[in-house]
>>> print(open('start.cif').read())   # mmCIF, C-alpha atoms
data_model
#
loop_
_atom_site.group_PDB
_atom_site.id
_atom_site.type_symbol
_atom_site.label_atom_id
_atom_site.label_comp_id
_atom_site.auth_asym_id
_atom_site.auth_seq_id
_atom_site.Cartn_x
_atom_site.Cartn_y
_atom_site.Cartn_z
ATOM 1 C CA MET J 1 -11.620 -54.117 18.589
ATOM 2 C CA GLY J 2 -11.557 -53.480 22.291
ATOM 3 C CA LYS J 3 -9.667 -55.800 24.588
ATOM 4 C CA GLY J 4 -12.247 -56.151 27.378
ATOM 5 C CA ARG J 5 -13.964 -59.278 26.089
ATOM 6 C CA VAL J 6 -10.632 -61.049 25.549
ATOM 7 C CA GLU J 7 -9.608 -60.280 29.122
ATOM 8 C CA ALA J 8 -12.945 -61.394 30.574
ATOM 9 C CA PHE J 9 -12.993 -64.624 28.578
ATOM 10 C CA THR J 10 -9.397 -65.401 29.527
ATOM 11 C CA ASP J 11 -10.115 -64.788 33.207
ATOM 12 C CA GLY J 12 -13.087 -67.153 33.051
ATOM 13 C CA VAL J 13 -11.161 -69.928 31.320
ATOM 14 C CA VAL J 14 -8.258 -69.646 33.764
ATOM 15 C CA ALA J 15 -10.683 -69.850 36.711
ATOM 16 C CA ILE J 16 -12.223 -73.000 35.239
ATOM 17 C CA ILE J 17 -8.796 -74.559 34.659
ATOM 18 C CA ILE J 18 -7.832 -74.013 38.286
ATOM 19 C CA THR J 19 -11.185 -75.393 39.446
ATOM 20 C CA ILE J 20 -10.764 -78.536 37.370
ATOM 21 C CA MET J 21 -7.248 -79.048 38.707
ATOM 22 C CA VAL J 22 -8.324 -78.775 42.338
ATOM 23 C CA LEU J 23 -11.202 -81.188 41.757
ATOM 24 C CA GLU J 24 -8.616 -83.821 40.818
ATOM 25 C CA LEU J 25 -7.324 -83.762 44.402
ATOM 26 C CA LYS J 26 -8.873 -86.590 46.377
ATOM 27 C CA VAL J 27 -9.678 -86.517 50.081
ATOM 28 C CA PRO J 28 -7.296 -88.803 51.967
ATOM 29 C CA HIS J 29 -8.703 -91.822 53.772
ATOM 30 C CA GLY J 30 -7.481 -91.729 57.329
ATOM 31 C CA GLU J 31 -7.328 -89.329 60.208
ATOM 32 C CA ASP J 32 -3.634 -88.836 60.750
ATOM 33 C CA PHE J 33 -0.842 -87.190 58.785
ATOM 34 C CA SER J 34 0.326 -90.517 57.356
ATOM 35 C CA ALA J 35 -2.868 -90.588 55.272
ATOM 36 C CA LEU J 36 -1.518 -87.583 53.357
ATOM 37 C CA LEU J 37 1.734 -89.258 52.349
ATOM 38 C CA PRO J 38 0.369 -91.216 49.346
ATOM 39 C CA LEU J 39 -1.044 -87.961 47.947
ATOM 40 C CA TRP J 40 2.253 -86.069 47.742
ATOM 41 C CA PRO J 41 2.832 -86.686 43.988
ATOM 42 C CA VAL J 42 -0.659 -85.513 43.049
ATOM 43 C CA PHE J 43 -0.540 -82.546 45.423
ATOM 44 C CA SER J 44 2.943 -81.407 44.382
ATOM 45 C CA SER J 45 1.925 -81.695 40.702
ATOM 46 C CA TYR J 46 -1.103 -79.535 41.483
ATOM 47 C CA VAL J 47 1.031 -76.922 43.249
ATOM 48 C CA LEU J 48 3.434 -76.667 40.311
ATOM 49 C CA SER J 49 0.581 -76.398 37.811
ATOM 50 C CA PHE J 50 -1.274 -73.853 39.934
ATOM 51 C CA ILE J 51 1.888 -71.746 39.928
ATOM 52 C CA PHE J 52 2.212 -72.017 36.143
ATOM 53 C CA VAL J 53 -1.435 -71.158 35.491
ATOM 54 C CA GLY J 54 -1.079 -68.249 37.925
ATOM 55 C CA ILE J 55 2.048 -67.039 36.131
ATOM 56 C CA TYR J 56 0.248 -67.067 32.781
ATOM 57 C CA TRP J 57 -2.777 -65.291 34.223
ATOM 58 C CA ASN J 58 -0.576 -62.679 35.884
ATOM 59 C CA ASN J 59 1.474 -62.083 32.733
ATOM 60 C CA LEU J 60 -1.618 -61.878 30.529
ATOM 61 C CA HIS J 61 -3.213 -59.463 32.976
ATOM 62 C CA ASN J 62 -0.155 -57.205 32.945
ATOM 63 C CA MET J 63 0.333 -57.495 29.202
ATOM 64 C CA PHE J 64 -3.260 -56.621 28.342
ATOM 65 C CA HIS J 65 -3.027 -53.435 30.400
ATOM 66 C CA ALA J 66 -0.533 -52.172 27.835
ATOM 67 C CA VAL J 67 -2.578 -53.391 24.864
ATOM 68 C CA GLN J 68 -4.532 -50.724 23.006
ATOM 69 C CA ARG J 69 -6.473 -52.939 20.612
ATOM 70 C CA VAL J 70 -6.902 -56.493 19.367
ATOM 71 C CA ASP J 71 -7.915 -58.097 16.081
ATOM 72 C CA GLY J 72 -9.019 -61.497 14.838
ATOM 73 C CA ARG J 73 -5.478 -62.891 14.794
ATOM 74 C CA VAL J 74 -5.000 -61.882 18.418
ATOM 75 C CA LEU J 75 -8.285 -63.564 19.354
ATOM 76 C CA TRP J 76 -7.147 -66.803 17.706
ATOM 77 C CA ALA J 77 -3.687 -66.558 19.262
ATOM 78 C CA ASN J 78 -5.285 -66.100 22.683
ATOM 79 C CA LEU J 79 -7.534 -69.124 22.090
ATOM 80 C CA HIS J 80 -4.450 -71.084 21.028
ATOM 81 C CA LEU J 81 -2.815 -70.292 24.388
ATOM 82 C CA LEU J 82 -5.997 -71.109 26.298
ATOM 83 C CA PHE J 83 -6.223 -74.466 24.514
ATOM 84 C CA TRP J 84 -2.806 -75.570 25.781
ATOM 85 C CA LEU J 85 -3.517 -74.156 29.236
ATOM 86 C CA SER J 86 -6.806 -76.080 29.308
ATOM 87 C CA LEU J 87 -4.823 -79.314 28.948
ATOM 88 C CA MET J 88 -2.896 -78.508 32.127
ATOM 89 C CA PRO J 89 -5.362 -80.393 34.389
ATOM 90 C CA VAL J 90 -4.916 -83.545 32.297
ATOM 91 C CA SER J 91 -1.120 -83.396 32.082
ATOM 92 C CA THR J 92 -0.960 -82.520 35.786
ATOM 93 C CA ALA J 93 -3.117 -85.475 36.803
ATOM 94 C CA PHE J 94 -1.221 -87.810 34.455
ATOM 95 C CA MET J 95 2.111 -86.809 35.995
ATOM 96 C CA GLY J 96 0.912 -86.919 39.614
ATOM 97 C CA GLU J 97 -1.055 -90.149 39.360
ATOM 98 C CA ASN J 98 1.938 -91.888 37.780
ATOM 99 C CA HIS J 99 4.375 -90.665 40.437
ATOM 100 C CA PHE J 100 6.575 -88.646 38.078
ATOM 101 C CA ALA J 101 7.352 -91.469 35.646
ATOM 102 C CA PRO J 102 9.421 -90.390 32.603
ATOM 103 C CA ALA J 103 6.661 -90.319 29.954
ATOM 104 C CA PRO J 104 4.117 -88.383 32.091
ATOM 105 C CA VAL J 105 6.821 -85.862 33.082
ATOM 106 C CA ALA J 106 7.717 -85.447 29.400
ATOM 107 C CA ILE J 107 4.032 -85.026 28.440
ATOM 108 C CA TYR J 108 3.676 -82.391 31.149
ATOM 109 C CA GLY J 109 6.736 -80.621 29.761
ATOM 110 C CA ILE J 110 5.372 -80.789 26.233
ATOM 111 C CA ASP J 111 2.227 -79.052 27.477
ATOM 112 C CA LEU J 112 4.368 -76.398 29.193
ATOM 113 C CA THR J 113 6.415 -75.978 26.012
ATOM 114 C CA LEU J 114 3.293 -75.538 23.902
ATOM 115 C CA CYS J 115 1.887 -73.021 26.413
ATOM 116 C CA ALA J 116 5.136 -71.041 26.218
ATOM 117 C CA ALA J 117 5.135 -71.180 22.414
ATOM 118 C CA ALA J 118 1.491 -70.089 22.286
ATOM 119 C CA TYR J 119 2.247 -67.182 24.630
ATOM 120 C CA TRP J 120 5.062 -66.148 22.278
ATOM 121 C CA VAL J 121 2.633 -66.314 19.308
ATOM 122 C CA LEU J 122 0.142 -64.138 21.205
ATOM 123 C CA ALA J 123 2.817 -61.595 22.116
ATOM 124 C CA THR J 124 3.985 -61.545 18.494
ATOM 125 C CA GLN J 125 0.459 -60.913 17.220
ATOM 126 C CA LEU J 126 -0.057 -58.121 19.742
ATOM 127 C CA HIS J 127 3.322 -56.614 18.832
ATOM 128 C CA ARG J 128 2.248 -56.569 15.175
ATOM 129 C CA LEU J 129 -0.669 -54.287 16.125
ATOM 130 C CA HIS J 130 1.364 -51.863 18.204
ATOM 131 C CA ALA J 131 3.980 -49.464 16.859
ATOM 132 C CA GLU J 132 7.521 -49.585 18.247
ATOM 133 C CA ASP J 133 6.951 -46.385 20.222
ATOM 134 C CA THR J 134 3.946 -47.754 22.161
ATOM 135 C CA ALA J 135 4.121 -48.860 25.776
ATOM 136 C CA PHE J 136 3.341 -52.418 24.694
ATOM 137 C CA ALA J 137 6.222 -52.672 22.220
ATOM 138 C CA LYS J 138 8.666 -51.034 24.604
ATOM 139 C CA ALA J 139 7.655 -53.345 27.452
ATOM 140 C CA LEU J 140 7.808 -56.498 25.352
ATOM 141 C CA GLY J 141 11.304 -55.726 24.133
ATOM 142 C CA ASP J 142 13.131 -58.808 22.894
ATOM 143 C CA ASP J 143 11.492 -61.013 25.582
ATOM 144 C CA ARG J 144 14.674 -62.847 26.581
ATOM 145 C CA LYS J 145 12.962 -64.258 29.663
ATOM 146 C CA GLY J 146 10.193 -65.788 27.558
ATOM 147 C CA LYS J 147 12.593 -67.273 25.007
ATOM 148 C CA PHE J 148 14.830 -68.716 27.720
ATOM 149 C CA SER J 149 11.790 -70.249 29.435
ATOM 150 C CA LEU J 150 10.699 -71.897 26.202
ATOM 151 C CA LEU J 151 14.195 -73.329 25.708
ATOM 152 C CA LEU J 152 14.303 -74.585 29.306
ATOM 153 C CA CYS J 153 10.953 -76.356 28.834
ATOM 154 C CA VAL J 154 12.283 -78.137 25.739
ATOM 155 C CA VAL J 155 15.420 -79.153 27.637
ATOM 156 C CA GLY J 156 13.189 -80.409 30.464
ATOM 157 C CA VAL J 157 11.215 -82.609 28.063
ATOM 158 C CA LEU J 158 14.415 -84.150 26.691
ATOM 159 C CA LEU J 159 15.918 -84.643 30.151
ATOM 160 C CA SER J 160 12.711 -86.311 31.361
ATOM 161 C CA PHE J 161 13.718 -89.434 29.486
ATOM 162 C CA VAL J 162 17.154 -89.437 31.128
ATOM 163 C CA SER J 163 15.748 -88.676 34.588
ATOM 164 C CA PRO J 164 12.251 -87.367 35.309
ATOM 165 C CA TRP J 165 13.700 -85.440 38.258
ATOM 166 C CA LEU J 166 16.004 -83.505 35.912
ATOM 167 C CA GLY J 167 13.025 -82.675 33.721
ATOM 168 C CA LEU J 168 11.057 -81.534 36.745
ATOM 169 C CA ALA J 169 14.023 -79.452 37.875
ATOM 170 C CA CYS J 170 13.881 -77.587 34.563
ATOM 171 C CA TYR J 171 10.143 -76.958 34.960
ATOM 172 C CA VAL J 172 10.607 -75.748 38.530
ATOM 173 C CA ALA J 173 13.411 -73.457 37.320
ATOM 174 C CA VAL J 174 11.060 -71.931 34.743
ATOM 175 C CA ALA J 175 8.448 -71.329 37.435
ATOM 176 C CA ALA J 176 11.089 -69.816 39.735
ATOM 177 C CA ILE J 177 12.243 -67.462 36.979
ATOM 178 C CA TRP J 178 8.693 -66.178 36.542
ATOM 179 C CA LEU J 179 7.869 -65.998 40.251
ATOM 180 C CA VAL J 180 10.040 -62.919 40.251
ATOM 181 C CA PRO J 181 7.388 -60.537 38.932
ATOM 182 C CA ASP J 182 7.817 -59.446 35.337
ATOM 183 C CA ARG J 183 7.438 -55.703 35.743
ATOM 184 C CA ARG J 184 8.163 -54.744 32.125
ATOM 185 C CA PHE J 185 4.552 -53.809 31.395
ATOM 186 C CA GLU J 186 3.923 -52.206 34.780
ATOM 187 C CA ASN J 187 7.049 -50.071 34.434
ATOM 188 C CA GLN J 188 5.995 -48.814 30.994
ATOM 189 C CA LEU J 189 2.557 -47.809 32.242
ATOM 190 C CA GLU J 190 3.810 -45.896 35.285
#
>>> encode(input="start.cif", output="structure tokens")
Amino acid sequence: MGKGRVEAFTDGVVAIIITIMVLELKVPHGEDFSALLPLWPVFSSYVLSFIFVGIYWNNLHNMFHAVQRVDGRVLWANLHLLFWLSLMPVSTAFMGENHFAPAPVAIYGIDLTLCAAAYWVLATQLHRLHAEDTAFAKALGDDRKGKFSLLLCVVGVLLSFVSPWLGLACYVAVAAIWLVPDRRFENQLE
């Protein structure tokens, strides 16, 4: 199968996820900067989630440029990832509305962990379709960055119960790691 429909569908779902997240932001009541202060937990949760959704979209975009074909297992693996990403607006709102309480921060981290695991499943299914000498397989390599990110998300969930700020620090570290562009796929295609 061609990959075009998977890419188009993924782009559409990601756009909807971001739209839903931004609609959760409420207009402050007041006309000075102090009216913004009560919104900082919701807004900062949105910013972090926007970054994560953007990272996934960017990585999927780059990865699918190296993909030659897809099959039914890849379609299901992609839907699996999109399912966990589609829960991002809910976990984001839950964390922000509850001012980074331990359980909401842990739930947010569980969603991030499941997104990372689903991305790994998708990459594994795509790797199965591409021989070791293809640009995709060479670019994917052993995916140390992805595995470390998954581990850091799990650690963040566990630390959330000790201190939600430690859990958040792990999630921010994962985002920071991926903000440095992952050029593995771009480099293979050049």
>>> closest_atom_pairs(input="start.cif", of="region 139-187 of chain J", to="region 49-57 of chain J", cutoff="12 Å", atoms="all atoms listed in the file", output="tab-separated table")
residue	atom	partner	partner_atom	distance
J:Gly146	CA	J:Tyr56	CA	11.3
J:Ser149	CA	J:Phe52	CA	11.8
J:Leu168	CA	J:Ser49	CA	11.7
J:Tyr171	CA	J:Phe52	CA	9.4
J:Val172	CA	J:Phe52	CA	9.5
J:Ala173	CA	J:Phe52	CA	11.4
J:Val174	CA	J:Phe52	CA	9.0
J:Ala175	CA	J:Phe52	CA	6.4
J:Ala176	CA	J:Ile51	CA	9.4
J:Ile177	CA	J:Ile55	CA	10.2
J:Trp178	CA	J:Ile55	CA	6.7
J:Leu179	CA	J:Ile55	CA	7.2
J:Val180	CA	J:Ile55	CA	9.9
J:Pro181	CA	J:Ile55	CA	8.9
J:Asp182	CA	J:Ile55	CA	9.6
>>> atom_distance(input="start.cif", atom1="CA of Tyr46 (chain J)", atom2="CA of Met21 (chain J)")
6.8 Å
>>> closest_residue(input="start.cif", among="J:Ala77, J:Ala169, J:Leu48, J:Leu37", to="Val155 (chain J)", atoms="only C-alpha atoms")
J:Ala169
>>> closest_residue(input="start.cif", among="J:Leu122, J:Ala135, J:Leu151, J:Val42", to="Phe94 (chain J)", atoms="all atoms listed in the file")
J:Val42
>>> resolve_selection(input="start.cif", expression="the PyMOL selection byres ((chain J and resi 2-5) around 12)", output="ChimeraX atom specification")
/J:1,6-12,60-61,63-72,74-75,78,126
>>> atom_distance(input="start.cif", atom1="CA of Arg183 (chain J)", atom2="CA of Ser45 (chain J)")
27.0 Å
>>> resolve_selection(input="start.cif", expression="the PyMOL selection byres ((chain J and resi 160) around 10)", output="compact mmCIF listing (two decimals) with C-alpha atoms, in the coordinates of the input")
# COMPACT_ATOMS: atom_id res chain seq x y z
CA PHE J 100 6.58 -88.65 38.08
CA ALA J 101 7.35 -91.47 35.65
CA PRO J 102 9.42 -90.39 32.60
CA ALA J 103 6.66 -90.32 29.95
CA PRO J 104 4.12 -88.38 32.09
CA VAL J 105 6.82 -85.86 33.08
CA ALA J 106 7.72 -85.45 29.40
CA ILE J 107 4.03 -85.03 28.44
CA TYR J 108 3.68 -82.39 31.15
CA GLY J 109 6.74 -80.62 29.76
CA VAL J 154 12.28 -78.14 25.74
CA VAL J 155 15.42 -79.15 27.64
CA GLY J 156 13.19 -80.41 30.46
CA VAL J 157 11.22 -82.61 28.06
CA LEU J 158 14.42 -84.15 26.69
CA LEU J 159 15.92 -84.64 30.15
CA PHE J 161 13.72 -89.43 29.49
CA VAL J 162 17.15 -89.44 31.13
CA SER J 163 15.75 -88.68 34.59
CA PRO J 164 12.25 -87.37 35.31
CA TRP J 165 13.70 -85.44 38.26
CA LEU J 166 16.00 -83.50 35.91
CA GLY J 167 13.02 -82.68 33.72
CA LEU J 168 11.06 -81.53 36.74
CA ALA J 169 14.02 -79.45 37.88
CA CYS J 170 13.88 -77.59 34.56
>>> closest_residue(input="start.cif", among="J:Val14, J:Arg128, J:Ala123, J:Leu112", to="Leu150 (chain J)", atoms="all atoms listed in the file")
J:Leu112
>>> resolve_selection(input="start.cif", expression="the PyMOL selection byres ((chain J and resi 139) around 8)", output="list of chain:residue names")
J:Ala135, J:Phe136, J:Ala137, J:Lys138, J:Leu140, J:Gly141, J:Arg184, J:Phe185, J:Asn187, J:Gln188
>>> closest_residue(input="start.cif", among="J:Leu81, J:Leu152, J:Val47, J:Val13", to="Ala93 (chain J)", atoms="all atoms listed in the file")
J:Val47
>>> atom_distance(input="start.cif", atom1="CA of Phe83 (chain J)", atom2="CA of Ala118 (chain J)")
9.1 Å
>>> residues_near_point(input="start.cif", point="(-10.3, -85.1, 41.9)", cutoff="12 Å", atoms="all atoms listed in the file", output="PyMOL selection string")
chain J and resi 18-28+39+42-43+46+89-90+92-93+96-97
>>> closest_residue(input="start.cif", among="J:Cys115, J:Gln125, J:Ala35, J:Pro41", to="His99 (chain J)", atoms="only C-alpha atoms")
J:Pro41
>>> closest_residue(input="start.cif", among="J:Ser91, J:Ser44, J:Asn59, J:Ser34", to="Tyr119 (chain J)", atoms="all atoms listed in the file")
J:Asn59
